[in-house]
Amino acid sequence: MGGRPILTQMPKVGHSLDRRTARDVIAEKLMVLIATNMLHPGDEIPGERELAQVLHVSRETVRGAIQSLAARGIVEVSQGSRTRVANVDLGNLTVTIATPNAIDAYDLEAVHAARLHIELKVVGDAAERIDAETLGKLESLLEAQRLGGSDSMRFLICDREFHLAIYRTCGNALLSDFVTDLYTYMMNHRRIAMSRPGAIDASYEDHAEIVAALRRRDRDAVVAAFRHHLTRIYETTRELLAEVGQGSEETKIETAR
């Protein structure tokens, strides 16, 4: 992996990383969080110290990234208060290969089947290739998740970095990018699901089991832990989509009356 921190690496999609600063990379990461509905218009962005810890960069880099986004009208910075996401639409932003809207056009069953088919291969390969530096990042992210308490938005910011750190260890950049796009599926619903009682604790336990298996470099255990985790995501998303659908039908009935 070299000396470059894994959490500041971004896929080489249509441009060279050599021409981009760390500030540019972090600004793009924050834009992706907005584009995938992990951060909504009006949301307060976590503080510089917290983002620096999760993204494994200096506070100065985070500050520069936020100033860059503010200059472009993507976030709003007010004296004496937290930075907030502006009322912007970044749905056409390419996350890695596709846009978030492109992924959301597929149904849940198709996306879940694709994740089981491809993601389990990716994380299995990662189990055999993972290095001490990446394990250290995952341990740090676990601690950040633990300290985040019941804040679903902050948990999901850590969750994204956790998953991507593992994906990028697989040794195949294209597969890593593809499963990253799959990860963004229905993120708005994921945020709602993670706000429910017990959801964060359950996901944290899944992550701790995954890290323990990665530490042993046990491919079968990593794949089993990820399969359990993906099934949990699938089931909670399915339940939420069913509730949304039921609510829509009830609204139609009330309107008809």
# chains A, B, ... in the order shown; residues from 1 in each chain; ligands from 1
>>> residues_around(residues="His40 in chain A", least_positions_apart="5", cutoff="12 Å", atoms="only C-alpha atoms", output="PyMOL selection string")
chain A and resi 30-35+45+74-75+84-91+153+187-188+191
>>> select_by_dssp(residues="range 80-162 of chain A", states="helix (DSSP H, G or I)", output="JSON list (two decimals) with N, CA and C atoms, in the first residue's frame")
[["chain", "number", "residue", "atom", "x", "y", "z"],
["A", 100, "PRO", "N", -25.05, 8.00, -7.87],
["A", 100, "PRO", "CA", -25.95, 7.37, -6.90],
["A", 100, "PRO", "C", -27.33, 7.09, -7.49],
["A", 101, "ASN", "N", -27.85, 8.01, -8.31],
["A", 101, "ASN", "CA", -29.17, 7.81, -8.90],
["A", 101, "ASN", "C", -29.20, 6.59, -9.81],
["A", 102, "ALA", "N", -28.08, 6.30, -10.47],
["A", 102, "ALA", "CA", -28.03, 5.13, -11.35],
["A", 102, "ALA", "C", -28.16, 3.85, -10.55],
["A", 103, "ILE", "N", -27.49, 3.79, -9.42],
["A", 103, "ILE", "CA", -27.55, 2.59, -8.57],
["A", 103, "ILE", "C", -28.95, 2.42, -7.99],
["A", 104, "ASP", "N", -29.56, 3.52, -7.57],
["A", 104, "ASP", "CA", -30.88, 3.44, -6.94],
["A", 104, "ASP", "C", -31.98, 3.03, -7.91],
["A", 108, "LEU", "N", -34.09, -3.82, -5.00],
["A", 108, "LEU", "CA", -33.33, -4.30, -3.85],
["A", 108, "LEU", "C", -32.80, -5.72, -4.06],
["A", 109, "GLU", "N", -33.62, -6.59, -4.64],
["A", 109, "GLU", "CA", -33.21, -7.98, -4.82],
["A", 109, "GLU", "C", -31.98, -8.07, -5.73],
["A", 110, "ALA", "N", -31.97, -7.28, -6.80],
["A", 110, "ALA", "CA", -30.85, -7.30, -7.74],
["A", 110, "ALA", "C", -29.57, -6.80, -7.08],
["A", 111, "VAL", "N", -29.69, -5.73, -6.30],
["A", 111, "VAL", "CA", -28.51, -5.17, -5.65],
["A", 111, "VAL", "C", -27.98, -6.12, -4.58],
["A", 112, "HIS", "N", -28.87, -6.72, -3.82],
["A", 112, "HIS", "CA", -28.43, -7.65, -2.78],
["A", 112, "HIS", "C", -27.73, -8.86, -3.40],
["A", 113, "ALA", "N", -28.30, -9.39, -4.49],
["A", 113, "ALA", "CA", -27.68, -10.53, -5.16],
["A", 113, "ALA", "C", -26.30, -10.16, -5.69],
["A", 114, "ALA", "N", -26.17, -8.95, -6.23],
["A", 114, "ALA", "CA", -24.87, -8.51, -6.75],
["A", 114, "ALA", "C", -23.86, -8.37, -5.63],
["A", 115, "ARG", "N", -24.30, -7.84, -4.49],
["A", 115, "ARG", "CA", -23.37, -7.68, -3.36],
["A", 115, "ARG", "C", -22.89, -9.05, -2.86],
["A", 116, "LEU", "N", -23.81, -9.99, -2.75],
["A", 116, "LEU", "CA", -23.41, -11.32, -2.31],
["A", 116, "LEU", "C", -22.46, -11.97, -3.30],
["A", 117, "HIS", "N", -22.70, -11.76, -4.56],
["A", 117, "HIS", "CA", -21.89, -12.41, -5.60],
["A", 117, "HIS", "C", -20.50, -11.80, -5.70],
["A", 118, "ILE", "N", -20.42, -10.47, -5.62],
["A", 118, "ILE", "CA", -19.15, -9.78, -5.89],
["A", 118, "ILE", "C", -18.45, -9.33, -4.61],
["A", 119, "GLU", "N", -19.22, -8.75, -3.69],
["A", 119, "GLU", "CA", -18.59, -8.19, -2.49],
["A", 119, "GLU", "C", -17.93, -9.25, -1.64],
["A", 120, "LEU", "N", -18.55, -10.43, -1.55],
["A", 120, "LEU", "CA", -17.94, -11.49, -0.74],
["A", 120, "LEU", "C", -16.62, -11.94, -1.35],
["A", 121, "LYS", "N", -16.52, -11.92, -2.67],
["A", 121, "LYS", "CA", -15.25, -12.21, -3.33],
["A", 121, "LYS", "C", -14.21, -11.14, -2.98],
["A", 122, "VAL", "N", -14.63, -9.88, -3.02],
["A", 122, "VAL", "CA", -13.73, -8.76, -2.75],
["A", 122, "VAL", "C", -13.19, -8.82, -1.32],
["A", 123, "VAL", "N", -14.08, -9.01, -0.35],
["A", 123, "VAL", "CA", -13.62, -9.00, 1.05],
["A", 123, "VAL", "C", -12.83, -10.26, 1.37],
["A", 124, "GLY", "N", -13.13, -11.37, 0.67],
["A", 124, "GLY", "CA", -12.32, -12.57, 0.86],
["A", 124, "GLY", "C", -10.90, -12.35, 0.41],
["A", 125, "ASP", "N", -10.75, -11.69, -0.76],
["A", 125, "ASP", "CA", -9.41, -11.36, -1.24],
["A", 125, "ASP", "C", -8.72, -10.39, -0.29],
["A", 126, "ALA", "N", -9.49, -9.44, 0.24],
["A", 126, "ALA", "CA", -8.93, -8.46, 1.17],
["A", 126, "ALA", "C", -8.38, -9.16, 2.42],
["A", 127, "ALA", "N", -9.05, -10.21, 2.86],
["A", 127, "ALA", "CA", -8.60, -10.93, 4.06],
["A", 127, "ALA", "C", -7.20, -11.50, 3.86],
["A", 128, "GLU", "N", -6.88, -11.87, 2.64],
["A", 128, "GLU", "CA", -5.57, -12.46, 2.36],
["A", 128, "GLU", "C", -4.48, -11.41, 2.10],
["A", 129, "ARG", "N", -4.90, -10.17, 1.83],
["A", 129, "ARG", "CA", -3.95, -9.14, 1.45],
["A", 129, "ARG", "C", -3.80, -8.02, 2.48],
["A", 132, "ALA", "N", -0.92, -4.32, 8.13],
["A", 132, "ALA", "CA", -1.03, -3.78, 9.49],
["A", 132, "ALA", "C", -1.58, -2.36, 9.49],
["A", 133, "GLU", "N", -1.20, -1.58, 8.49],
["A", 133, "GLU", "CA", -1.67, -0.19, 8.43],
["A", 133, "GLU", "C", -3.19, -0.13, 8.28],
["A", 134, "THR", "N", -3.72, -0.94, 7.38],
["A", 134, "THR", "CA", -5.16, -0.95, 7.17],
["A", 134, "THR", "C", -5.89, -1.47, 8.40],
["A", 135, "LEU", "N", -5.35, -2.51, 9.03],
["A", 135, "LEU", "CA", -5.96, -3.00, 10.26],
["A", 135, "LEU", "C", -5.99, -1.91, 11.33],
["A", 136, "GLY", "N", -4.93, -1.12, 11.39],
["A", 136, "GLY", "CA", -4.90, -0.02, 12.33],
["A", 136, "GLY", "C", -5.98, 1.01, 12.05],
["A", 137, "LYS", "N", -6.21, 1.30, 10.76],
["A", 137, "LYS", "CA", -7.27, 2.24, 10.38],
["A", 137, "LYS", "C", -8.63, 1.69, 10.78],
["A", 138, "LEU", "N", -8.84, 0.41, 10.57],
["A", 138, "LEU", "CA", -10.13, -0.20, 10.91],
["A", 138, "LEU", "C", -10.37, -0.17, 12.42],
["A", 139, "GLU", "N", -9.32, -0.42, 13.19],
["A", 139, "GLU", "CA", -9.45, -0.34, 14.65],
["A", 139, "GLU", "C", -9.81, 1.07, 15.07],
["A", 140, "SER", "N", -9.19, 2.07, 14.44],
["A", 140, "SER", "CA", -9.47, 3.47, 14.74],
["A", 140, "SER", "C", -10.91, 3.82, 14.39],
["A", 141, "LEU", "N", -11.38, 3.31, 13.26],
["A", 141, "LEU", "CA", -12.76, 3.58, 12.86],
["A", 141, "LEU", "C", -13.76, 2.89, 13.78],
["A", 142, "LEU", "N", -13.43, 1.70, 14.25],
["A", 142, "LEU", "CA", -14.28, 1.03, 15.23],
["A", 142, "LEU", "C", -14.42, 1.88, 16.49],
["A", 143, "GLU", "N", -13.31, 2.45, 16.94],
["A", 143, "GLU", "CA", -13.35, 3.30, 18.12],
["A", 143, "GLU", "C", -14.19, 4.55, 17.87],
["A", 144, "ALA", "N", -14.05, 5.13, 16.69],
["A", 144, "ALA", "CA", -14.85, 6.31, 16.35],
["A", 144, "ALA", "C", -16.33, 5.96, 16.31],
["A", 145, "GLN", "N", -16.66, 4.78, 15.80],
["A", 145, "GLN", "CA", -18.06, 4.34, 15.78],
["A", 145, "GLN", "C", -18.59, 4.15, 17.20],
["A", 146, "ARG", "N", -17.76, 3.59, 18.05],
["A", 146, "ARG", "CA", -18.18, 3.37, 19.45],
["A", 146, "ARG", "C", -18.44, 4.69, 20.16],
["A", 147, "LEU", "N", -17.58, 5.67, 19.89],
["A", 147, "LEU", "CA", -17.71, 6.96, 20.57],
["A", 147, "LEU", "C", -18.82, 7.81, 19.97],
["A", 152, "SER", "N", -26.76, 8.52, 13.96],
["A", 152, "SER", "CA", -26.71, 7.66, 12.77],
["A", 152, "SER", "C", -25.89, 8.27, 11.65],
["A", 153, "MET", "N", -25.95, 9.59, 11.49],
["A", 153, "MET", "CA", -25.17, 10.23, 10.43],
["A", 153, "MET", "C", -23.68, 10.03, 10.65],
["A", 154, "ARG", "N", -23.22, 10.26, 11.87],
["A", 154, "ARG", "CA", -21.80, 10.10, 12.17],
["A", 154, "ARG", "C", -21.38, 8.64, 12.04],
["A", 155, "PHE", "N", -22.27, 7.74, 12.46],
["A", 155, "PHE", "CA", -21.94, 6.33, 12.33],
["A", 155, "PHE", "C", -21.76, 5.96, 10.86],
["A", 156, "LEU", "N", -22.64, 6.45, 10.00],
["A", 156, "LEU", "CA", -22.57, 6.09, 8.59],
["A", 156, "LEU", "C", -21.35, 6.69, 7.90],
["A", 157, "ILE", "N", -20.90, 7.86, 8.35],
["A", 157, "ILE", "CA", -19.66, 8.42, 7.80],
["A", 157, "ILE", "C", -18.50, 7.47, 8.11],
["A", 158, "CYS", "N", -18.45, 7.00, 9.35],
["A", 158, "CYS", "CA", -17.42, 6.01, 9.72],
["A", 158, "CYS", "C", -17.63, 4.71, 8.96],
["A", 159, "ASP", "N", -18.88, 4.31, 8.80],
["A", 159, "ASP", "CA", -19.22, 3.06, 8.13],
["A", 159, "ASP", "C", -18.70, 3.05, 6.70],
["A", 160, "ARG", "N", -18.88, 4.16, 6.01],
["A", 160, "ARG", "CA", -18.40, 4.24, 4.62],
["A", 160, "ARG", "C", -16.88, 4.07, 4.56],
["A", 161, "GLU", "N", -16.17, 4.77, 5.43],
["A", 161, "GLU", "CA", -14.71, 4.67, 5.43],
["A", 161, "GLU", "C", -14.26, 3.25, 5.80],
["A", 162, "PHE", "N", -15.01, 2.62, 6.71],
["A", 162, "PHE", "CA", -14.71, 1.25, 7.13],
["A", 162, "PHE", "C", -14.81, 0.30, 5.94]]
>>> select_by_dssp(residues="range 55-208 of chain A", states="strand (DSSP E)", output="PyMOL selection string")
chain A and resi 75-76+84-85
>>> write_last_selection(atoms="N, CA and C atoms", output="mmCIF file, in the first residue's frame")
data_model
loop_
_atom_site.group_PDB
_atom_site.id
_atom_site.type_symbol
_atom_site.label_atom_id
_atom_site.label_comp_id
_atom_site.auth_asym_id
_atom_site.auth_seq_id
_atom_site.Cartn_x
_atom_site.Cartn_y
_atom_site.Cartn_z
ATOM 1 N N VAL A 75 -21.513 23.990 0.916
ATOM 2 C CA VAL A 75 -21.782 24.068 2.353
ATOM 3 C C VAL A 75 -21.861 25.534 2.751
ATOM 4 N N GLU A 76 -22.473 25.788 3.899
ATOM 5 C CA GLU A 76 -22.615 27.137 4.421
ATOM 6 C C GLU A 76 -21.873 27.236 5.738
ATOM 7 N N ARG A 84 -23.015 23.804 7.748
ATOM 8 C CA ARG A 84 -24.181 23.050 7.315
ATOM 9 C C ARG A 84 -24.131 22.787 5.814
ATOM 10 N N VAL A 85 -24.786 21.695 5.408
ATOM 11 C CA VAL A 85 -24.911 21.378 3.992
ATOM 12 C C VAL A 85 -25.895 22.347 3.364
#
>>> closest_residue(among="A:Glu48, A:Ala22, A:Ile130, A:Thr169", to="Ala213 in chain A", atoms="only C-alpha atoms")
A:Ile130
>>> atom_distance(atom1="CA of Arg82 in chain A", atom2="CA of Pro46 in chain A")
7.8 Å
>>> residues_around(residues="Ser68 in chain A", least_positions_apart="4", cutoff="8 Å", atoms="only C-alpha atoms", output="list in words")
Ala27, Gly64 and Arg72 of chain A
>>> closest_residue(among="A:His207, A:Arg227, A:Arg217, A:His189", to="Val244 in chain A", atoms="only C-alpha atoms")
A:His189
>>> atom_distance(atom1="CA of Glu28 in chain A", atom2="CA of Ile66 in chain A")
10.3 Å
>>> closest_residue(among="A:Met186, A:Val77, A:Leu175, A:Cys170", to="Thr236 in chain A", atoms="only C-alpha atoms")
A:Met186
>>> closest_residue(among="A:His163, A:Arg59, A:Arg232, A:Arg219", to="Ile200 in chain A", atoms="only C-alpha atoms")
A:Arg232
>>> closest_residue(among="A:Ala193, A:Arg20, A:Glu60, A:Thr96", to="Leu241 in chain A", atoms="only C-alpha atoms")
A:Ala193
>>> atom_distance(atom1="CA of Leu174 in chain A", atom2="CA of Glu235 in chain A")
27.3 Å
>>> decode(residues="range 94-112 of chain A", atoms="N, CA, C and O atoms", output="PDB file, in the first residue's frame")
ATOM      1  N   THR A  94     -20.387  11.594 -10.091  1.00  0.00           N
ATOM      2  CA  THR A  94     -19.931  10.212 -10.206  1.00  0.00           C
ATOM      3  C   THR A  94     -19.214   9.825  -8.921  1.00  0.00           C
ATOM      4  O   THR A  94     -18.262  10.478  -8.526  1.00  0.00           O
ATOM      5  N   VAL A  95     -19.694   8.777  -8.263  1.00  0.00           N
ATOM      6  CA  VAL A  95     -19.083   8.344  -7.009  1.00  0.00           C
ATOM      7  C   VAL A  95     -17.793   7.585  -7.307  1.00  0.00           C
ATOM      8  O   VAL A  95     -16.724   7.921  -6.816  1.00  0.00           O
ATOM      9  N   THR A  96     -17.884   6.554  -8.082  1.00  0.00           N
ATOM     10  CA  THR A  96     -16.680   5.864  -8.563  1.00  0.00           C
ATOM     11  C   THR A  96     -16.840   5.566 -10.044  1.00  0.00           C
ATOM     12  O   THR A  96     -16.134   6.095 -10.872  1.00  0.00           O
ATOM     13  N   ILE A  97     -17.819   4.735 -10.387  1.00  0.00           N
ATOM     14  CA  ILE A  97     -18.088   4.414 -11.787  1.00  0.00           C
ATOM     15  C   ILE A  97     -19.423   5.022 -12.208  1.00  0.00           C
ATOM     16  O   ILE A  97     -19.577   5.532 -13.305  1.00  0.00           O
ATOM     17  N   ALA A  98     -20.405   4.968 -11.314  1.00  0.00           N
ATOM     18  CA  ALA A  98     -21.758   5.431 -11.624  1.00  0.00           C
ATOM     19  C   ALA A  98     -22.192   6.514 -10.647  1.00  0.00           C
ATOM     20  O   ALA A  98     -21.531   6.790  -9.662  1.00  0.00           O
ATOM     21  N   THR A  99     -23.328   7.121 -10.946  1.00  0.00           N
ATOM     22  CA  THR A  99     -23.901   8.104 -10.036  1.00  0.00           C
ATOM     23  C   THR A  99     -24.801   7.391  -9.039  1.00  0.00           C
ATOM     24  O   THR A  99     -25.293   6.286  -9.307  1.00  0.00           O
ATOM     25  N   PRO A 100     -25.052   8.003  -7.875  1.00  0.00           N
ATOM     26  CA  PRO A 100     -25.949   7.372  -6.902  1.00  0.00           C
ATOM     27  C   PRO A 100     -27.329   7.091  -7.486  1.00  0.00           C
ATOM     28  O   PRO A 100     -27.932   6.063  -7.207  1.00  0.00           O
ATOM     29  N   ASN A 101     -27.853   8.012  -8.312  1.00  0.00           N
ATOM     30  CA  ASN A 101     -29.171   7.811  -8.895  1.00  0.00           C
ATOM     31  C   ASN A 101     -29.196   6.591  -9.806  1.00  0.00           C
ATOM     32  O   ASN A 101     -30.214   5.900  -9.915  1.00  0.00           O
ATOM     33  N   ALA A 102     -28.080   6.301 -10.472  1.00  0.00           N
ATOM     34  CA  ALA A 102     -28.032   5.135 -11.355  1.00  0.00           C
ATOM     35  C   ALA A 102     -28.161   3.851 -10.550  1.00  0.00           C
ATOM     36  O   ALA A 102     -28.881   2.934 -10.939  1.00  0.00           O
ATOM     37  N   ILE A 103     -27.488   3.787  -9.423  1.00  0.00           N
ATOM     38  CA  ILE A 103     -27.555   2.591  -8.572  1.00  0.00           C
ATOM     39  C   ILE A 103     -28.947   2.423  -7.985  1.00  0.00           C
ATOM     40  O   ILE A 103     -29.499   1.320  -7.927  1.00  0.00           O
ATOM     41  N   ASP A 104     -29.564   3.517  -7.570  1.00  0.00           N
ATOM     42  CA  ASP A 104     -30.883   3.441  -6.937  1.00  0.00           C
ATOM     43  C   ASP A 104     -31.982   3.029  -7.912  1.00  0.00           C
ATOM     44  O   ASP A 104     -33.097   2.703  -7.495  1.00  0.00           O
ATOM     45  N   ALA A 105     -31.685   3.041  -9.216  1.00  0.00           N
ATOM     46  CA  ALA A 105     -32.677   2.642 -10.203  1.00  0.00           C
ATOM     47  C   ALA A 105     -32.927   1.134 -10.206  1.00  0.00           C
ATOM     48  O   ALA A 105     -33.933   0.672 -10.738  1.00  0.00           O
ATOM     49  N   TYR A 106     -32.013   0.370  -9.598  1.00  0.00           N
ATOM     50  CA  TYR A 106     -32.171  -1.089  -9.548  1.00  0.00           C
ATOM     51  C   TYR A 106     -32.980  -1.482  -8.320  1.00  0.00           C
ATOM     52  O   TYR A 106     -33.011  -0.766  -7.321  1.00  0.00           O
ATOM     53  N   ASP A 107     -33.629  -2.647  -8.401  1.00  0.00           N
ATOM     54  CA  ASP A 107     -34.430  -3.069  -7.252  1.00  0.00           C
ATOM     55  C   ASP A 107     -33.541  -3.730  -6.194  1.00  0.00           C
ATOM     56  O   ASP A 107     -32.397  -4.120  -6.465  1.00  0.00           O
ATOM     57  N   LEU A 108     -34.089  -3.822  -5.003  1.00  0.00           N
ATOM     58  CA  LEU A 108     -33.331  -4.305  -3.850  1.00  0.00           C
ATOM     59  C   LEU A 108     -32.805  -5.718  -4.064  1.00  0.00           C
ATOM     60  O   LEU A 108     -31.665  -6.023  -3.695  1.00  0.00           O
ATOM     61  N   GLU A 109     -33.622  -6.590  -4.641  1.00  0.00           N
ATOM     62  CA  GLU A 109     -33.208  -7.981  -4.823  1.00  0.00           C
ATOM     63  C   GLU A 109     -31.980  -8.072  -5.735  1.00  0.00           C
ATOM     64  O   GLU A 109     -31.053  -8.847  -5.470  1.00  0.00           O
ATOM     65  N   ALA A 110     -31.973  -7.277  -6.802  1.00  0.00           N
ATOM     66  CA  ALA A 110     -30.847  -7.299  -7.737  1.00  0.00           C
ATOM     67  C   ALA A 110     -29.571  -6.802  -7.075  1.00  0.00           C
ATOM     68  O   ALA A 110     -28.496  -7.385  -7.251  1.00  0.00           O
ATOM     69  N   VAL A 111     -29.692  -5.732  -6.300  1.00  0.00           N
ATOM     70  CA  VAL A 111     -28.509  -5.168  -5.648  1.00  0.00           C
ATOM     71  C   VAL A 111     -27.977  -6.125  -4.582  1.00  0.00           C
ATOM     72  O   VAL A 111     -26.760  -6.334  -4.470  1.00  0.00           O
ATOM     73  N   HIS A 112     -28.875  -6.722  -3.817  1.00  0.00           N
ATOM     74  CA  HIS A 112     -28.430  -7.652  -2.780  1.00  0.00           C
ATOM     75  C   HIS A 112     -27.728  -8.859  -3.399  1.00  0.00           C
ATOM     76  O   HIS A 112     -26.670  -9.288  -2.916  1.00  0.00           O
TER      77      HIS A 112
END
